[in-house]
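Structure first, commentary second.
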Amino acid sequence: MSEQALIERQPRERIGKAGRVLRRILREPLGAFGLTLVVIVVLSALFADVLTSYPPTKLAPAERFAPASLQHLLGTDHLGRDLFSRVLHGGRIALAIALGATGLSLIGGIVLGLIAGYGPRWLDNLMLLLFDAIKSFPTVMLALTLVTLTGPSLLAVLIVVVLVNVPGYARIIRTQTLVLKSAEHVMAARSMGASTARILTVHILPNVIGPILILASMDIPVVVAIEAGLSFLGLGVRPPLPSWGAILNDGFVNIRDSYWIVVAGGLPIILTTLGFTFLGETLRDVFDPRLKRRE
Amino acid sequence: MIKAANINITRRGVLAGAGALGLASLIYSTKRSQAAGSVLRVRSYGDIQTLDPAFRLAAPEGDITNVIFAGLVVATPGDSWGWKPMAVEKIEQLDPLTIAFKLRDNIGFTDGFGQMTAEDVKFSIERLADPANKSPYAGDWATLKEVEVKDKLSGIIHLNKAFAPLWTSTLPTPSSTILSKRAVTEAGGKLGVKPVAQSGPYLLKEWTPKQRTVLVRNPDWKYEQGGYDEIHVHPIEDEKTAELGYEAGDLDYTWTSVSSIKRLKETPPADTVVVEKPSLAFVWLGMNQIAAPFDNPDLRRAVQYGVDRKAVVDAAYFGAAATSTGIIAPGLIGHREKNLFEYDPDKARELVNKAGASGVTVTLDILNKAERLSAAQVVQANLQDIGINVEIKQNDSGTFWTLGSKQNPYYKKLQMVLSRFSMQPDPSWATEWYTTSQIGEWNWEQFSSAEFDKLVTEGKIELDPAKRDVMYKKMQDLMEESGCYVFLTHEVTGVMYRKSVAAGLKPNGEPCFADFKPA
């Protein structure tokens, strides 16, 4: 086979593999349900501006507590803001934080995990100590402390999530790197004079990244919940930016005046959490069928 | 089945027995608690941070110190402002400069600090008035000359000059609280949150920060008894949260949010009395004139023109409160009829451009409460409309009430704040906090005017109501002209309590815990 043919074949193989994974996800009822929810959430966040004509921060106190109608699909809140618009735009923030923070955590966890696993013993011990020290803080307390110190903001939420997640990812990468460090193909590469960077990126990373990606997909709902929780307490996204947690808080304090604000704030959190959890679990089963057989 | 000594023990029998035992204990505990009928659960809007009346931070601390320490006199509940003796058997004003008092003979301090004497009165009042002690409430005794001790229980309070608010906002407040001289001296000159040498009708038995303060009846208090054996004070900052707590049955008395008053009056919770009281408190938007960009007077004026006060108040309180014209409420001496600067967004934009501040971003600090957040978001929208971006920073009460304190370096950086002060029925109480000497204490805007300071001093010693009226109106004009203030509202006070409680409320709805009785 010519080199050109090889190059052309690789994307097709990748598409084929992705298609197979997708088909297997869709075969599982919970996986299909999870994927559907995730797609709905992602698309509604992406096309929020198209799906609603109301700006999410526009105040209209005269229209406060309007019930659901064709004009306002989810009604309005105590300041007359359109809840449908706030929920969709809140989804953008939730997903941006969840994907951004999880992505940064992954990068941090992979880099630190590879260094700990492949580096000298003393460095490994030191980094383990650091990971365990951070992990030992209760998440909520750590989040509250950091937000109190830095002030509530999107960035603060991002830092909290990255700090909380990095040690977990790093530990997994480190364990697998330790195993692969003495594997034959790694030893061979080393004896042929491959640099440390090449060994880590070409020979180790591709073999350790799979499980952590699945773990990360299952962490997304946790991050959504952390962001919503902090915003509920007034320590997350600053007003008037829409956040599901802030909408939930608006609903909580005005629950006697209108129940639909709580529903509008709570429902997307539940659906997103369910969606990513089901999808993550199905992905885990797809990539590690032994696990499913054991269950 | 087990047979022992002719007794059949079966599984069903054990279950039935356990059920009967549980039911009996439930009935017993319910009966017992009804028989005691003596725990009152109230909500306060903040937790205690000090028990020293001279350094109290907010009204909830005063509500507690008022019952655990005896003051000379104490405010009475009812629809009109008044007072009644507490530590004194007799107190009378002999002339404008002389007040004679005689203490009750058997008021004791706990923890072995002995009997309350005239020497303790002298110590407590002179300590609060002494500028060296830097009490933010020193102005309550601004014209004190000395307290003369006549004998163990009698004395005379001598004033340098007549003092108009003496019987309204000084004596019936925590500023007349008598502490044990020995206890305070041994504590290093200042009390903290540990209760020592208590002397009132209740004793502070337990304080769990952010959760509750438990007050129990003082067995040694021989005078008018509180109506409950115990009062549990729950600090819940947000009124809306407190409403939910009340409706869940966790509270017997709470203030409601202003925005909920209408709904609660129309459909009150079961067995509940909902009352609306006029409020003397004042809510305003303040700008710190030493912190950029508000060191530019044009920008401060732009904000005054740029905030639609009616929209802010309507949005926050759902139309239940009116806008204000200053810090002195209707009905009091010095109440103004109108503001100097009304909503004019075009003029505001001009001033923003003149100040070269279009697009500037400022931080607005607020207390983390639903109504404040709503008000802040309308302010944010108003100011965005004139070219000023506002970031809202929500603070819990512990943080918020120290933002402008000299002990907190942030007091120089604080830019804009949405705040509320409670009030006593004399205009001097409102203006007291904005003098130059209050910078770093309660004057967070760092407003400073020699003319204002002079009027504050003169207003207290002027006894002619007509002249006082002119003086206090002028003081508010000076405040507004400085550009540091946008006066928003006096609110109204919503209160709800169980029908089984006869609530002891001042005319503005503030509680007198010792005057709560079972109905």
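Chain lettering (A, B, ...) mirrors the order of the structure tokens, residue numbering begins at 1 for each chain separately, and ligand numbering begins at 1 in order of display.
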Neighbour list for Asp47 of chain B as a PyMOL selection string, cut-off 7 Å, only C-alpha atoms, skip fewer than 2 positions in-chain: chain B and resi 49+210+235
Contacts between chain B and chain A, please, where a residue of chain A counts if it comes within 9 Å (with only C-alpha atoms); show its shortest atom pair and distance in Å to one decimal, rows by chain and ascending number, as a tab-separated table.
```
residue	atom	partner	partner_atom	distance
A:Thr57	CA	B:Ala381	CA	8.7
A:Lys58	CA	B:Ala381	CA	8.2
A:Leu59	CA	B:Val378	CA	7.5
A:Ala60	CA	B:Ala315	CA	8.9
A:Pro61	CA	B:Ala315	CA	5.7
A:Ala62	CA	B:Ala315	CA	8.5
A:Arg64	CA	B:Ala315	CA	8.8
A:His78	CA	B:Ala315	CA	7.9
A:Leu79	CA	B:Ala315	CA	6.4
A:Gly151	CA	B:Lys393	CA	7.7
A:Pro152	CA	B:Lys393	CA	7.2
A:Leu233	CA	B:Asn368	CA	8.7
A:Gly234	CA	B:Gln394	CA	6.4
A:Leu235	CA	B:Gln394	CA	7.5
A:Arg238	CA	B:Ile392	CA	6.5
A:Pro239	CA	B:Ile392	CA	6.4
A:Pro240	CA	B:Gln377	CA	6.6
A:Asn249	CA	B:Ala370	CA	8.9
A:Asp250	CA	B:Ala370	CA	7.7
A:Phe252	CA	B:Thr241	CA	8.2
A:Val253	CA	B:Lys240	CA	5.3
A:Asn254	CA	B:Lys240	CA	7.4
A:Ile255	CA	B:Leu244	CA	9.0
A:Arg256	CA	B:Arg263	CA	8.6
A:Asp257	CA	B:Arg263	CA	7.9
```
Test item: residues at most 9 Å from segment 473-478 of chain B, only C-alpha atoms, excluding those fewer than 5 positions along its chain, as a ChimeraX atom specification: /B:325-328,333-336,339-340,431,449,451-453,455-456,468
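The neighbours of Asn443 of chain B here are the residues that come within 8 Å of it, using only C-alpha atoms and leaving out any residue fewer than 5 positions away in the same chain; they are Gly404, Trp433, Tyr434, Thr435, Thr436 and Gln438 of chain B.
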Extract, using only C-alpha atoms, all DNA, RNA and protein residues at most 9 Å from Gln115 of chain B, discarding same-chain residues fewer than 5 positions from it, and format them as a PDB file with all heavy atoms, in the first residue's frame.
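Wrote out30.pdb, looks like this:
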```
ATOM      1  N   ASP B 105     -32.583  48.164  94.281  1.00  0.00           N
ATOM      2  CA  ASP B 105     -31.636  47.752  95.326  1.00  0.00           C
ATOM      3  C   ASP B 105     -31.021  46.372  95.136  1.00  0.00           C
ATOM      4  O   ASP B 105     -30.011  46.052  95.742  1.00  0.00           O
ATOM      5  CB  ASP B 105     -32.356  47.825  96.682  1.00  0.00           C
ATOM      6  CG  ASP B 105     -31.350  47.761  97.825  1.00  0.00           C
ATOM      7  OD1 ASP B 105     -30.140  47.905  97.538  1.00  0.00           O
ATOM      8  OD2 ASP B 105     -31.749  47.550  98.963  1.00  0.00           O
ATOM      9  N   ASN B 106     -31.652  45.554  94.336  1.00  0.00           N
ATOM     10  CA  ASN B 106     -31.119  44.182  94.309  1.00  0.00           C
ATOM     11  C   ASN B 106     -30.904  43.657  92.888  1.00  0.00           C
ATOM     12  O   ASN B 106     -31.355  42.585  92.537  1.00  0.00           O
ATOM     13  CB  ASN B 106     -32.041  43.246  95.089  1.00  0.00           C
ATOM     14  CG  ASN B 106     -33.482  43.440  94.668  1.00  0.00           C
ATOM     15  OD1 ASN B 106     -33.749  44.254  93.787  1.00  0.00           O
ATOM     16  ND2 ASN B 106     -34.388  42.714  95.279  1.00  0.00           N
ATOM     17  N   ILE B 107     -30.234  44.443  92.094  1.00  0.00           N
ATOM     18  CA  ILE B 107     -29.842  43.936  90.771  1.00  0.00           C
ATOM     19  C   ILE B 107     -28.396  43.472  90.871  1.00  0.00           C
ATOM     20  O   ILE B 107     -27.506  44.258  91.232  1.00  0.00           O
ATOM     21  CB  ILE B 107     -29.985  45.019  89.689  1.00  0.00           C
ATOM     22  CG1 ILE B 107     -31.450  45.432  89.547  1.00  0.00           C
ATOM     23  CG2 ILE B 107     -29.458  44.508  88.347  1.00  0.00           C
ATOM     24  CD1 ILE B 107     -31.692  46.510  88.524  1.00  0.00           C
ATOM     25  N   GLY B 108     -28.200  42.203  90.580  1.00  0.00           N
ATOM     26  CA  GLY B 108     -26.848  41.656  90.724  1.00  0.00           C
ATOM     27  C   GLY B 108     -26.229  41.306  89.382  1.00  0.00           C
ATOM     28  O   GLY B 108     -26.939  41.076  88.402  1.00  0.00           O
ATOM     29  N   PHE B 109     -24.915  41.315  89.345  1.00  0.00           N
ATOM     30  CA  PHE B 109     -24.201  40.832  88.165  1.00  0.00           C
ATOM     31  C   PHE B 109     -23.886  39.359  88.373  1.00  0.00           C
ATOM     32  O   PHE B 109     -23.544  38.947  89.499  1.00  0.00           O
ATOM     33  CB  PHE B 109     -22.890  41.602  87.971  1.00  0.00           C
ATOM     34  CG  PHE B 109     -23.082  43.046  87.593  1.00  0.00           C
ATOM     35  CD1 PHE B 109     -22.742  44.063  88.471  1.00  0.00           C
ATOM     36  CD2 PHE B 109     -23.591  43.392  86.349  1.00  0.00           C
ATOM     37  CE1 PHE B 109     -22.895  45.401  88.124  1.00  0.00           C
ATOM     38  CE2 PHE B 109     -23.751  44.725  85.994  1.00  0.00           C
ATOM     39  CZ  PHE B 109     -23.407  45.735  86.888  1.00  0.00           C
ATOM     40  N   SER B 180     -20.743  45.997  84.586  1.00  0.00           N
ATOM     41  CA  SER B 180     -19.971  45.932  85.828  1.00  0.00           C
ATOM     42  C   SER B 180     -18.579  46.531  85.592  1.00  0.00           C
ATOM     43  O   SER B 180     -17.843  46.091  84.704  1.00  0.00           O
ATOM     44  CB  SER B 180     -19.837  44.473  86.264  1.00  0.00           C
ATOM     45  OG  SER B 180     -18.734  44.330  87.125  1.00  0.00           O
TER      46      SER B 180
END
```
